[in-house]
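Content type compact mmCIF, C-alpha atoms, from the file protein.txt:
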# COMPACT_ATOMS: atom_id res chain seq x y z
CA MET I 1 -56.44 -67.61 -44.67
CA THR I 2 -53.58 -70.00 -44.07
CA THR I 3 -53.38 -73.68 -44.95
CA ILE I 4 -53.24 -75.94 -41.92
CA ALA I 5 -52.49 -79.64 -41.93
CA VAL I 6 -53.95 -81.73 -39.11
CA VAL I 7 -52.22 -85.05 -38.53
CA GLY I 8 -54.23 -87.51 -36.44
CA LEU I 9 -58.02 -87.53 -36.64
CA GLY I 10 -58.94 -89.19 -33.39
CA ALA I 11 -61.29 -87.85 -30.74
CA MET I 12 -59.44 -84.53 -30.58
CA GLY I 13 -57.90 -84.16 -34.03
CA SER I 14 -61.21 -84.36 -35.90
CA PRO I 15 -63.00 -81.58 -33.99
CA ILE I 16 -59.88 -79.42 -34.13
CA ALA I 17 -59.82 -79.79 -37.92
CA GLY I 18 -63.53 -79.01 -37.99
CA ARG I 19 -63.02 -75.82 -35.98
CA LEU I 20 -60.35 -74.68 -38.41
CA LEU I 21 -62.60 -75.38 -41.39
CA ASP I 22 -65.39 -73.36 -39.76
CA ALA I 23 -62.94 -70.50 -39.25
CA GLY I 24 -62.27 -70.39 -42.99
CA HIS I 25 -58.84 -72.00 -43.13
CA ASP I 26 -57.78 -74.35 -45.89
CA VAL I 27 -57.33 -77.64 -44.07
CA VAL I 28 -55.32 -80.67 -45.15
CA VAL I 29 -55.82 -83.85 -43.14
CA TRP I 30 -54.05 -87.17 -42.76
CA ASN I 31 -54.91 -90.18 -40.64
CA ARG I 32 -53.55 -93.70 -40.44
CA THR I 33 -57.06 -95.03 -41.19
CA PRO I 34 -58.23 -92.89 -44.14
CA GLU I 35 -61.95 -93.49 -43.57
CA LYS I 36 -61.83 -91.17 -40.56
CA ALA I 37 -61.05 -88.31 -42.95
CA LYS I 38 -64.25 -88.67 -44.98
CA PRO I 39 -66.54 -86.48 -42.81
CA LEU I 40 -63.96 -83.70 -42.99
CA ALA I 41 -63.47 -84.20 -46.73
CA ASP I 42 -67.22 -83.79 -47.14
CA ARG I 43 -66.85 -80.40 -45.43
CA GLY I 44 -64.06 -79.26 -47.74
CA ALA I 45 -60.85 -80.63 -46.24
CA ILE I 46 -58.15 -81.97 -48.56
CA VAL I 47 -57.11 -85.53 -47.74
CA ALA I 48 -53.37 -86.05 -48.20
CA ASP I 49 -52.08 -89.43 -49.39
CA THR I 50 -48.93 -89.16 -47.30
CA LEU I 51 -47.69 -87.26 -44.28
CA ALA I 52 -45.00 -85.58 -46.36
CA GLU I 53 -47.64 -84.35 -48.80
CA ALA I 54 -49.71 -82.94 -45.93
CA ALA I 55 -46.66 -81.08 -44.63
CA ARG I 56 -45.66 -79.72 -48.05
CA ARG I 57 -49.13 -78.29 -48.63
CA ALA I 58 -49.34 -76.48 -45.27
CA ASP I 59 -48.14 -73.31 -43.59
CA ALA I 60 -48.52 -75.05 -40.23
CA VAL I 61 -48.78 -78.73 -39.30
CA ILE I 62 -50.75 -79.64 -36.18
CA LEU I 63 -49.76 -83.00 -34.66
CA MET I 64 -52.47 -84.63 -32.52
CA VAL I 65 -51.44 -88.24 -31.98
CA ALA I 66 -51.85 -90.76 -29.19
CA ASP I 67 -48.40 -91.19 -27.66
CA PRO I 68 -44.63 -90.80 -28.17
CA HIS I 69 -44.47 -93.88 -30.41
CA ALA I 70 -47.13 -92.46 -32.70
CA LEU I 71 -45.24 -89.16 -32.78
CA ARG I 72 -42.16 -90.97 -34.06
CA ASP I 73 -44.21 -92.92 -36.59
CA VAL I 74 -45.68 -89.78 -38.19
CA THR I 75 -42.39 -87.87 -38.13
CA GLU I 76 -39.79 -90.33 -39.39
CA GLY I 77 -39.30 -92.06 -42.73
CA PRO I 78 -39.27 -91.02 -46.38
CA ASP I 79 -42.96 -90.05 -46.26
CA GLY I 80 -42.97 -88.62 -42.72
CA ILE I 81 -43.60 -85.07 -41.59
CA ALA I 82 -39.89 -84.34 -41.29
CA SER I 83 -39.40 -85.05 -45.00
CA GLY I 84 -42.14 -82.61 -46.02
CA VAL I 85 -41.49 -79.51 -43.90
CA ASP I 86 -39.06 -76.69 -44.62
CA ARG I 87 -38.11 -73.33 -43.13
CA SER I 88 -41.44 -71.86 -44.15
CA THR I 89 -43.41 -74.45 -42.15
CA THR I 90 -44.36 -74.29 -38.47
CA VAL I 91 -44.94 -77.57 -36.67
CA ILE I 92 -47.42 -77.24 -33.80
CA GLN I 93 -47.18 -80.26 -31.50
CA MET I 94 -50.49 -80.58 -29.58
CA SER I 95 -50.34 -84.21 -28.40
CA THR I 96 -49.76 -85.35 -24.82
CA VAL I 97 -46.38 -86.99 -25.22
CA GLY I 98 -44.16 -85.53 -22.50
CA PRO I 99 -41.14 -83.21 -22.72
CA ASP I 100 -38.66 -85.91 -23.74
CA ALA I 101 -40.67 -86.69 -26.87
CA VAL I 102 -40.82 -82.98 -27.70
CA SER I 103 -37.03 -82.73 -27.40
CA TRP I 104 -36.74 -85.68 -29.75
CA LEU I 105 -39.15 -84.04 -32.20
CA ALA I 106 -37.11 -80.85 -32.23
CA SER I 107 -33.99 -82.86 -33.13
CA ALA I 108 -35.81 -84.92 -35.78
CA LEU I 109 -37.11 -81.94 -37.74
CA PRO I 110 -34.85 -80.28 -40.33
CA GLY I 111 -32.73 -77.44 -39.01
CA GLY I 112 -34.56 -74.14 -39.02
CA THR I 113 -38.05 -75.67 -38.80
CA ALA I 114 -40.21 -73.59 -36.50
CA LEU I 115 -41.71 -75.60 -33.63
CA LEU I 116 -44.39 -74.84 -31.05
CA ASP I 117 -45.19 -77.28 -28.27
CA SER I 118 -48.83 -76.57 -27.44
CA PRO I 119 -50.78 -79.42 -25.82
CA VAL I 120 -54.38 -78.77 -24.88
CA LEU I 121 -56.47 -79.32 -21.77
CA GLY I 122 -60.05 -80.36 -22.41
CA SER I 123 -61.89 -83.05 -24.27
CA VAL I 124 -64.18 -83.48 -27.26
CA GLY I 125 -66.81 -80.97 -26.13
CA GLU I 126 -64.24 -78.27 -25.54
CA ALA I 127 -62.55 -79.00 -28.87
CA GLU I 128 -65.87 -78.67 -30.67
CA SER I 129 -66.80 -75.43 -28.92
CA GLY I 130 -63.35 -73.85 -29.10
CA SER I 131 -62.97 -73.69 -25.32
CA LEU I 132 -59.78 -75.71 -24.84
CA LYS I 133 -56.91 -74.45 -22.73
CA VAL I 134 -53.88 -74.26 -25.02
CA PHE I 135 -50.51 -74.46 -23.22
CA ALA I 136 -48.38 -72.69 -25.82
CA SER I 137 -44.62 -72.90 -25.55
CA GLY I 138 -41.92 -71.74 -27.91
CA PRO I 139 -40.30 -68.52 -29.10
CA PRO I 140 -42.50 -65.55 -28.11
CA GLU I 141 -42.58 -64.16 -31.64
CA LEU I 142 -43.73 -67.54 -32.99
CA ILE I 143 -46.49 -67.80 -30.38
CA GLU I 144 -47.59 -64.28 -31.28
CA ARG I 145 -47.66 -65.17 -34.97
CA TRP I 146 -49.86 -68.22 -34.43
CA ASN I 147 -51.93 -66.87 -31.55
CA PRO I 148 -54.95 -66.12 -33.80
CA LEU I 149 -54.97 -69.73 -35.00
CA LEU I 150 -54.54 -71.19 -31.51
CA SER I 151 -57.23 -68.84 -30.18
CA THR I 152 -59.68 -70.44 -32.60
CA LEU I 153 -59.29 -73.57 -30.49
CA GLY I 154 -59.50 -71.98 -27.05
CA SER I 155 -57.75 -69.82 -24.48
CA VAL I 156 -54.01 -69.56 -25.08
CA ILE I 157 -51.75 -69.66 -22.03
CA HIS I 158 -48.08 -68.82 -22.67
CA VAL I 159 -46.04 -71.16 -20.47
CA GLY I 160 -42.42 -70.77 -21.66
CA PRO I 161 -39.93 -72.20 -24.16
CA VAL I 162 -40.47 -75.32 -26.25
CA GLY I 163 -41.15 -78.26 -23.93
CA ALA I 164 -42.83 -76.19 -21.22
CA GLY I 165 -46.22 -76.86 -22.83
CA SER I 166 -45.82 -80.60 -22.37
CA VAL I 167 -44.70 -80.09 -18.78
CA ALA I 168 -47.76 -77.91 -18.15
CA LYS I 169 -50.03 -80.60 -19.60
CA LEU I 170 -48.57 -83.27 -17.32
CA VAL I 171 -48.99 -80.97 -14.30
CA ALA I 172 -52.63 -80.36 -15.24
CA ASN I 173 -53.39 -84.02 -15.90
CA SER I 174 -51.84 -85.09 -12.60
CA THR I 175 -54.63 -83.24 -10.81
CA LEU I 176 -57.34 -84.98 -12.86
CA PHE I 177 -56.18 -88.46 -11.92
CA GLY I 178 -55.70 -87.59 -8.25
CA VAL I 179 -59.13 -85.97 -7.94
CA LEU I 180 -60.91 -88.94 -9.53
CA GLY I 181 -59.08 -91.31 -7.20
CA VAL I 182 -60.15 -89.34 -4.13
CA PHE I 183 -63.73 -89.08 -5.40
CA GLY I 184 -63.96 -92.79 -6.11
CA GLU I 185 -62.53 -93.76 -2.74
CA ALA I 186 -64.91 -91.39 -0.95
CA MET I 187 -67.86 -93.05 -2.72
CA ALA I 188 -66.50 -96.50 -1.91
CA LEU I 189 -66.16 -95.53 1.76
CA ALA I 190 -69.72 -94.18 1.85
CA GLU I 191 -71.14 -97.39 0.37
CA ALA I 192 -69.04 -99.65 2.59
CA MET I 193 -70.32 -97.83 5.67
CA GLY I 194 -73.94 -97.79 4.59
CA LEU I 195 -74.39 -94.16 3.58
CA PRO I 196 -77.01 -93.97 0.80
CA ARG I 197 -75.59 -92.97 -2.53
CA ASP I 198 -77.86 -89.91 -2.86
CA VAL I 199 -76.68 -88.70 0.53
CA ALA I 200 -73.04 -89.32 -0.38
CA PHE I 201 -73.43 -87.19 -3.50
CA GLU I 202 -74.99 -84.39 -1.45
CA VAL I 203 -72.23 -84.57 1.15
CA LEU I 204 -69.43 -84.56 -1.41
CA ALA I 205 -71.07 -81.66 -3.25
CA ALA I 206 -70.36 -79.61 -0.10
CA THR I 207 -66.62 -80.32 -0.39
CA PRO I 208 -63.91 -79.20 -2.83
CA LEU I 209 -65.10 -82.11 -5.02
CA GLU I 210 -68.31 -80.25 -5.86
CA ALA I 211 -67.54 -79.69 -9.54
CA GLN I 212 -66.52 -83.33 -10.06
CA VAL I 213 -69.63 -84.60 -8.28
CA GLU I 214 -71.84 -82.52 -10.56
CA ARG I 215 -69.99 -83.61 -13.68
CA ARG I 216 -69.58 -87.32 -12.91
CA ARG I 217 -72.76 -88.17 -10.99
CA PRO I 218 -74.82 -88.94 -14.14
CA MET I 219 -72.16 -91.41 -15.27
CA ILE I 220 -72.07 -93.19 -11.91
CA GLU I 221 -75.85 -93.38 -11.70
CA SER I 222 -76.31 -94.61 -15.27
CA GLY I 223 -73.25 -96.85 -15.38
CA GLU I 224 -72.47 -95.40 -18.83
CA TYR I 225 -69.05 -93.92 -19.54
CA PRO I 226 -69.01 -92.86 -23.22
CA PRO I 227 -65.41 -92.20 -24.24
CA ARG I 228 -64.34 -88.58 -24.46
CA PHE I 229 -60.84 -89.34 -23.19
CA THR I 230 -60.31 -93.07 -22.87
CA LEU I 231 -59.05 -94.71 -19.71
CA SER I 232 -56.20 -96.34 -21.66
CA LEU I 233 -54.98 -92.93 -22.79
CA ALA I 234 -55.30 -91.64 -19.21
CA LEU I 235 -53.08 -94.49 -18.03
CA LYS I 236 -50.55 -93.55 -20.71
CA ASP I 237 -50.61 -89.97 -19.44
CA ALA I 238 -50.24 -91.10 -15.82
CA ASP I 239 -47.13 -93.03 -16.86
CA LEU I 240 -45.74 -89.92 -18.56
CA VAL I 241 -46.37 -87.91 -15.38
CA LEU I 242 -44.49 -90.42 -13.23
CA GLU I 243 -41.63 -90.78 -15.71
CA ALA I 244 -41.18 -87.00 -15.77
CA ALA I 245 -41.40 -86.81 -11.98
CA LYS I 246 -38.76 -89.51 -11.57
CA ALA I 247 -36.41 -87.71 -13.94
CA ALA I 248 -36.93 -84.46 -12.02
CA GLY I 249 -36.56 -86.07 -8.59
CA ALA I 250 -40.12 -85.25 -7.50
CA ASP I 251 -41.87 -87.60 -5.07
CA LEU I 252 -45.46 -88.05 -6.29
CA ARG I 253 -46.73 -90.78 -4.00
CA LEU I 254 -50.40 -89.81 -4.44
CA GLN I 255 -49.97 -89.89 -8.22
CA ARG I 256 -48.51 -93.39 -7.98
CA ALA I 257 -51.55 -94.50 -6.02
CA ALA I 258 -53.94 -92.91 -8.53
CA ARG I 259 -52.14 -94.72 -11.33
CA THR I 260 -52.74 -98.10 -9.68
CA TRP I 261 -56.51 -97.51 -9.88
CA LEU I 262 -56.23 -96.67 -13.59
CA GLU I 263 -54.10 -99.74 -14.25
CA GLU I 264 -56.52 -102.03 -12.39
CA ALA I 265 -59.51 -100.52 -14.19
CA GLU I 266 -57.87 -101.14 -17.55
CA ARG I 267 -57.18 -104.76 -16.62
CA ALA I 268 -60.82 -105.06 -15.56
CA GLY I 269 -61.91 -104.14 -19.09
CA TRP I 270 -62.65 -100.42 -18.77
CA GLY I 271 -59.83 -99.27 -21.05
CA ASP I 272 -61.98 -98.19 -23.99
CA ARG I 273 -64.45 -96.26 -21.82
CA ASP I 274 -64.06 -92.70 -20.60
CA TYR I 275 -61.33 -92.38 -18.00
CA ALA I 276 -64.00 -91.47 -15.44
CA ALA I 277 -64.90 -95.19 -15.53
CA VAL I 278 -62.15 -95.56 -12.95
CA LEU I 279 -64.83 -94.36 -10.52
CA ALA I 280 -66.99 -97.40 -11.27
CA HIS I 281 -64.02 -99.69 -10.74
CA ILE I 282 -63.07 -98.08 -7.41
CA ILE I 283 -66.66 -98.18 -6.13
CA GLU I 284 -67.07 -101.82 -7.18
CA SER I 285 -63.74 -102.75 -5.61
CA GLY I 286 -64.70 -101.09 -2.35
What would the structure in this file look like if it were written as structure tokens?
Amino acid sequence: MTTIAVVGLGAMGSPIAGRLLDAGHDVVVWNRTPEKAKPLADRGAIVADTLAEAARRADAVILMVADPHALRDVTEGPDGIASGVDRSTTVIQMSTVGPDAVSWLASALPGGTALLDSPVLGSVGEAESGSLKVFASGPPELIERWNPLLSTLGSVIHVGPVGAGSVAKLVANSTLFGVLGVFGEAMALAEAMGLPRDVAFEVLAATPLEAQVERRRPMIESGEYPPRFTLSLALKDADLVLEAAKAAGADLRLQRAARTWLEEAERAGWGDRDYAAVLAHIIESG
């Protein structure tokens, strides 16, 4: 088995590292707060003292960090990833950071470093079960080489050259934010016009929103939104979508509207809850 370094042990990085351990890989981990590495160390992972050490130990380095700033932080500097990789290392970028950040990463790595841009669609449950959608982009021969590893995490979809994976992730996420906005507004309209909530759920389950109604109804009814993908991170992703759209000249007026709900919900104190908490904010605002 190969040695894989996982950089970033948040909600997604930790279960990804766990999946790789279960598959029999030697796993090296690094996280800004070292205590997050302990559960993985107890399962056999090696905890690196520095990012450069993690990179030097590994055949492939998986980056799963929060945003473009975090990507720069783990890459640059005397102890960063860029100082520890060489031509024998493959860097697999799996964060949601947008295509501009991926272009920067490619320029920041030493010449000849192999790079895959492979963000994932799914959350903690999918990461734990190995049912993520992996948007793999890069040289075809490199994707083929690492396909067995990526397949441990989920279904691999080849989307094009480096950078296409991050574009694909923004396209996918744009639908998530739009659908939640429509769902929330439909519920707000039902309540404002006196339609009982149970009836509204039944009505919406007969529309294209059926899957979302089934998935989100328990959260709305309980008022509990345990974080799988936090609302603050969703707002960050919505900003990346709109920045990319502006650069490409695409008019995403519905996406702009969906972003306003996320921004308001974060200001209202929902930022550390699951991003589906935007539904509670929309319904309350209605």
Which of these, I:Ala168, I:Ala258, I:Ala5, I:Ala11, has the shortest distance to I:Val124 once you count all atoms listed in the file?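 Selected residue with least distance to I:Val124: I:Ala11.
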Of I:Gly130, I:Gly80, I:Pro119, I:Pro148, the one nearest to I:Ala17 when counting only C-alpha atoms is I:Gly130
Selection near stretch 138-147 of chain I, 8 Å with all atoms listed in the file, sequence-local residues under 5 positions removed, as a PyMOL selection string: chain I and resi 114-117+156+158+160-163
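For the residues I:Asp26, I:Glu210, I:Glu263, I:Asp49, ranking by smallest atom-to-atom distance to I:Val61 using only C-alpha atoms places I:Asp26 first.
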Please, what distance in Å, to one decimal, runs between atom CA of I:Thr90 and atom CA of I:Ala41? 23.1 Å
Give me the residues within 8 Å of I:Ala238 as a count of residues only, counting only C-alpha atoms and dropping any in the same chain fewer than 3 places off. 9
Just the number, please: distance in Å from atom CA of I:Lys36 to atom CA of I:Asp100, one decimal.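 We find that atom CA of I:Lys36 and atom CA of I:Asp100 lie 29.1 Å from each other.
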Taking 5 positions as the minimum chain separation for residues in the same chain, which residues sit within 10 Å of stretch 194-198 of chain I when counting all atoms listed in the file? Answer as an MDAnalysis selection string. chainID I and resid 187:189 203 217 221
Using only C-alpha atoms, which protein or nucleic acid residues come within 7 Å of I:Asp79? Drop anything in the same chain fewer than 3 positions from it, and give the result as number ranges by chain. I: 50-52, 83
Residues just named, written with C-alpha atoms as a PDB file, in the coordinates of the input:
ATOM      1  CA  THR I  50     -48.930 -89.160 -47.300  1.00  0.00           C
ATOM      2  CA  LEU I  51     -47.690 -87.260 -44.280  1.00  0.00           C
ATOM      3  CA  ALA I  52     -45.000 -85.580 -46.360  1.00  0.00           C
ATOM      4  CA  SER I  83     -39.400 -85.050 -45.000  1.00  0.00           C
TER       5      SER I  83
END
Which of I:Gly112, I:Gly18, I:Gly13, I:Gly249 sits closest to I:Asp86 [using all atoms listed in the file]: I:Gly112
Between atom CA of I:Ala186 and atom CA of I:Gly125, distance in Å (one decimal):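 We find that atom CA of I:Ala186 and atom CA of I:Gly125 lie 27.3 Å from each other.
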Pick out the closest residue to I:Gly98 from this set: I:Ala265, I:Ala276, I:Leu240, I:Val65. Count only C-alpha atoms.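 Smallest separation from I:Gly98 among the options: I:Leu240.
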Using the structure block above, produce a file of stretch 149-260 of chain I that contains C-alpha atoms, as a PDB file, in the first residue's frame.
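Here's the written file out_26.pdb:
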ATOM      1  CA  LEU I 149      -7.230   5.562  -4.123  1.00  0.00           C
ATOM      2  CA  LEU I 150      -9.946   8.050  -5.104  1.00  0.00           C
ATOM      3  CA  SER I 151     -12.421   5.199  -5.553  1.00  0.00           C
ATOM      4  CA  THR I 152     -11.913   4.317  -1.893  1.00  0.00           C
ATOM      5  CA  LEU I 153     -13.606   7.627  -1.149  1.00  0.00           C
ATOM      6  CA  GLY I 154     -16.462   7.392  -3.638  1.00  0.00           C
ATOM      7  CA  SER I 155     -17.454   7.506  -7.297  1.00  0.00           C
ATOM      8  CA  VAL I 156     -14.826   9.148  -9.481  1.00  0.00           C
ATOM      9  CA  ILE I 157     -16.057  11.446 -12.253  1.00  0.00           C
ATOM     10  CA  HIS I 158     -13.405  12.594 -14.740  1.00  0.00           C
ATOM     11  CA  VAL I 159     -14.185  16.225 -15.564  1.00  0.00           C
ATOM     12  CA  GLY I 160     -11.135  17.511 -17.478  1.00  0.00           C
ATOM     13  CA  PRO I 161      -7.751  19.174 -16.939  1.00  0.00           C
ATOM     14  CA  VAL I 162      -6.516  20.615 -13.651  1.00  0.00           C
ATOM     15  CA  GLY I 163      -8.974  23.269 -12.473  1.00  0.00           C
ATOM     16  CA  ALA I 164     -12.036  21.624 -14.006  1.00  0.00           C
ATOM     17  CA  GLY I 165     -12.675  19.777 -10.745  1.00  0.00           C
ATOM     18  CA  SER I 166     -13.039  23.033  -8.845  1.00  0.00           C
ATOM     19  CA  VAL I 167     -15.321  24.407 -11.547  1.00  0.00           C
ATOM     20  CA  ALA I 168     -17.457  21.261 -11.332  1.00  0.00           C
ATOM     21  CA  LYS I 169     -17.707  21.628  -7.548  1.00  0.00           C
ATOM     22  CA  LEU I 170     -18.908  25.228  -7.837  1.00  0.00           C
ATOM     23  CA  VAL I 171     -21.495  24.198 -10.445  1.00  0.00           C
ATOM     24  CA  ALA I 172     -22.753  21.438  -8.141  1.00  0.00           C
ATOM     25  CA  ASN I 173     -22.848  23.642  -5.053  1.00  0.00           C
ATOM     26  CA  SER I 174     -24.741  26.376  -6.887  1.00  0.00           C
ATOM     27  CA  THR I 175     -27.689  24.004  -7.181  1.00  0.00           C
ATOM     28  CA  LEU I 176     -27.638  23.212  -3.447  1.00  0.00           C
ATOM     29  CA  PHE I 177     -27.950  26.844  -2.403  1.00  0.00           C
ATOM     30  CA  GLY I 178     -30.646  27.606  -4.973  1.00  0.00           C
ATOM     31  CA  VAL I 179     -32.755  24.591  -4.027  1.00  0.00           C
ATOM     32  CA  LEU I 180     -32.624  25.400  -0.312  1.00  0.00           C
ATOM     33  CA  GLY I 181     -33.635  28.987  -1.035  1.00  0.00           C
ATOM     34  CA  VAL I 182     -36.651  27.869  -3.058  1.00  0.00           C
ATOM     35  CA  PHE I 183     -37.627  25.300  -0.420  1.00  0.00           C
ATOM     36  CA  GLY I 184     -37.384  27.821   2.400  1.00  0.00           C
ATOM     37  CA  GLU I 185     -39.398  30.437   0.540  1.00  0.00           C
ATOM     38  CA  ALA I 186     -42.090  27.884  -0.322  1.00  0.00           C
ATOM     39  CA  MET I 187     -42.403  26.986   3.372  1.00  0.00           C
ATOM     40  CA  ALA I 188     -42.492  30.657   4.335  1.00  0.00           C
ATOM     41  CA  LEU I 189     -45.262  31.279   1.788  1.00  0.00           C
ATOM     42  CA  ALA I 190     -47.270  28.326   3.090  1.00  0.00           C
ATOM     43  CA  GLU I 191     -47.048  29.553   6.678  1.00  0.00           C
ATOM     44  CA  ALA I 192     -47.805  33.162   5.766  1.00  0.00           C
ATOM     45  CA  MET I 193     -50.964  32.054   3.963  1.00  0.00           C
ATOM     46  CA  GLY I 194     -52.124  29.694   6.681  1.00  0.00           C
ATOM     47  CA  LEU I 195     -51.342  26.319   5.139  1.00  0.00           C
ATOM     48  CA  PRO I 196     -50.535  23.844   7.946  1.00  0.00           C
ATOM     49  CA  ARG I 197     -46.938  22.767   8.003  1.00  0.00           C
ATOM     50  CA  ASP I 198     -47.778  19.061   7.625  1.00  0.00           C
ATOM     51  CA  VAL I 199     -49.824  19.863   4.541  1.00  0.00           C
ATOM     52  CA  ALA I 200     -47.052  22.029   3.114  1.00  0.00           C
ATOM     53  CA  PHE I 201     -44.579  19.161   3.480  1.00  0.00           C
ATOM     54  CA  GLU I 202     -46.988  16.812   1.715  1.00  0.00           C
ATOM     55  CA  VAL I 203     -47.577  19.291  -1.100  1.00  0.00           C
ATOM     56  CA  LEU I 204     -43.878  19.988  -1.630  1.00  0.00           C
ATOM     57  CA  ALA I 205     -43.136  16.254  -1.588  1.00  0.00           C
ATOM     58  CA  ALA I 206     -45.200  16.071  -4.790  1.00  0.00           C
ATOM     59  CA  THR I 207     -42.877  18.565  -6.522  1.00  0.00           C
ATOM     60  CA  PRO I 208     -39.270  18.394  -7.749  1.00  0.00           C
ATOM     61  CA  LEU I 209     -38.322  19.285  -4.154  1.00  0.00           C
ATOM     62  CA  GLU I 210     -39.344  15.824  -2.951  1.00  0.00           C
ATOM     63  CA  ALA I 211     -35.848  14.627  -2.042  1.00  0.00           C
ATOM     64  CA  GLN I 212     -35.056  17.826  -0.137  1.00  0.00           C
ATOM     65  CA  VAL I 213     -38.357  17.689   1.744  1.00  0.00           C
ATOM     66  CA  GLU I 214     -37.619  14.136   2.870  1.00  0.00           C
ATOM     67  CA  ARG I 215     -34.063  14.991   3.881  1.00  0.00           C
ATOM     68  CA  ARG I 216     -34.674  18.332   5.613  1.00  0.00           C
ATOM     69  CA  ARG I 217     -38.109  17.874   7.210  1.00  0.00           C
ATOM     70  CA  PRO I 218     -36.731  16.323  10.447  1.00  0.00           C
ATOM     71  CA  MET I 219     -34.435  19.325  10.893  1.00  0.00           C
ATOM     72  CA  ILE I 220     -37.244  21.830  10.382  1.00  0.00           C
ATOM     73  CA  GLU I 221     -39.575  19.987  12.738  1.00  0.00           C
ATOM     74  CA  SER I 222     -36.974  19.534  15.475  1.00  0.00           C
ATOM     75  CA  GLY I 223     -35.275  22.899  15.052  1.00  0.00           C
ATOM     76  CA  GLU I 224     -31.922  21.094  15.277  1.00  0.00           C
ATOM     77  CA  TYR I 225     -29.306  21.584  12.565  1.00  0.00           C
ATOM     78  CA  PRO I 226     -26.205  19.600  13.603  1.00  0.00           C
ATOM     79  CA  PRO I 227     -23.277  20.721  11.442  1.00  0.00           C
ATOM     80  CA  ARG I 228     -22.288  18.434   8.601  1.00  0.00           C
ATOM     81  CA  PHE I 229     -21.390  21.341   6.322  1.00  0.00           C
ATOM     82  CA  THR I 230     -21.560  24.624   8.205  1.00  0.00           C
ATOM     83  CA  LEU I 231     -23.537  27.591   6.971  1.00  0.00           C
ATOM     84  CA  SER I 232     -20.416  29.782   7.162  1.00  0.00           C
ATOM     85  CA  LEU I 233     -18.603  27.443   4.783  1.00  0.00           C
ATOM     86  CA  ALA I 234     -21.644  27.427   2.487  1.00  0.00           C
ATOM     87  CA  LEU I 235     -21.519  31.227   2.361  1.00  0.00           C
ATOM     88  CA  LYS I 236     -17.833  31.012   1.469  1.00  0.00           C
ATOM     89  CA  ASP I 237     -18.703  28.616  -1.359  1.00  0.00           C
ATOM     90  CA  ALA I 238     -21.528  30.861  -2.574  1.00  0.00           C
ATOM     91  CA  ASP I 239     -19.019  33.717  -2.780  1.00  0.00           C
ATOM     92  CA  LEU I 240     -16.660  31.517  -4.799  1.00  0.00           C
ATOM     93  CA  VAL I 241     -19.517  30.649  -7.177  1.00  0.00           C
ATOM     94  CA  LEU I 242     -20.363  34.306  -7.765  1.00  0.00           C
ATOM     95  CA  GLU I 243     -16.716  35.340  -8.136  1.00  0.00           C
ATOM     96  CA  ALA I 244     -16.197  32.649 -10.771  1.00  0.00           C
ATOM     97  CA  ALA I 245     -19.424  33.602 -12.536  1.00  0.00           C
ATOM     98  CA  LYS I 246     -18.419  37.264 -12.661  1.00  0.00           C
ATOM     99  CA  ALA I 247     -15.036  36.381 -14.127  1.00  0.00           C
ATOM    100  CA  ALA I 248     -16.720  34.205 -16.755  1.00  0.00           C
ATOM    101  CA  GLY I 249     -19.422  36.762 -17.582  1.00  0.00           C
ATOM    102  CA  ALA I 250     -22.290  34.532 -16.417  1.00  0.00           C
ATOM    103  CA  ASP I 251     -25.417  36.189 -14.998  1.00  0.00           C
ATOM    104  CA  LEU I 252     -26.471  34.185 -11.928  1.00  0.00           C
ATOM    105  CA  ARG I 253     -29.233  36.339 -10.492  1.00  0.00           C
ATOM    106  CA  LEU I 254     -30.897  33.443  -8.637  1.00  0.00           C
ATOM    107  CA  GLN I 255     -27.558  32.526  -7.070  1.00  0.00           C
ATOM    108  CA  ARG I 256     -27.118  36.103  -5.877  1.00  0.00           C
ATOM    109  CA  ALA I 257     -30.517  35.942  -4.220  1.00  0.00           C
ATOM    110  CA  ALA I 258     -29.723  32.594  -2.575  1.00  0.00           C
ATOM    111  CA  ARG I 259     -26.503  34.071  -1.224  1.00  0.00           C
ATOM    112  CA  THR I 260     -28.393  36.892   0.503  1.00  0.00           C
TER     113      THR I 260
END
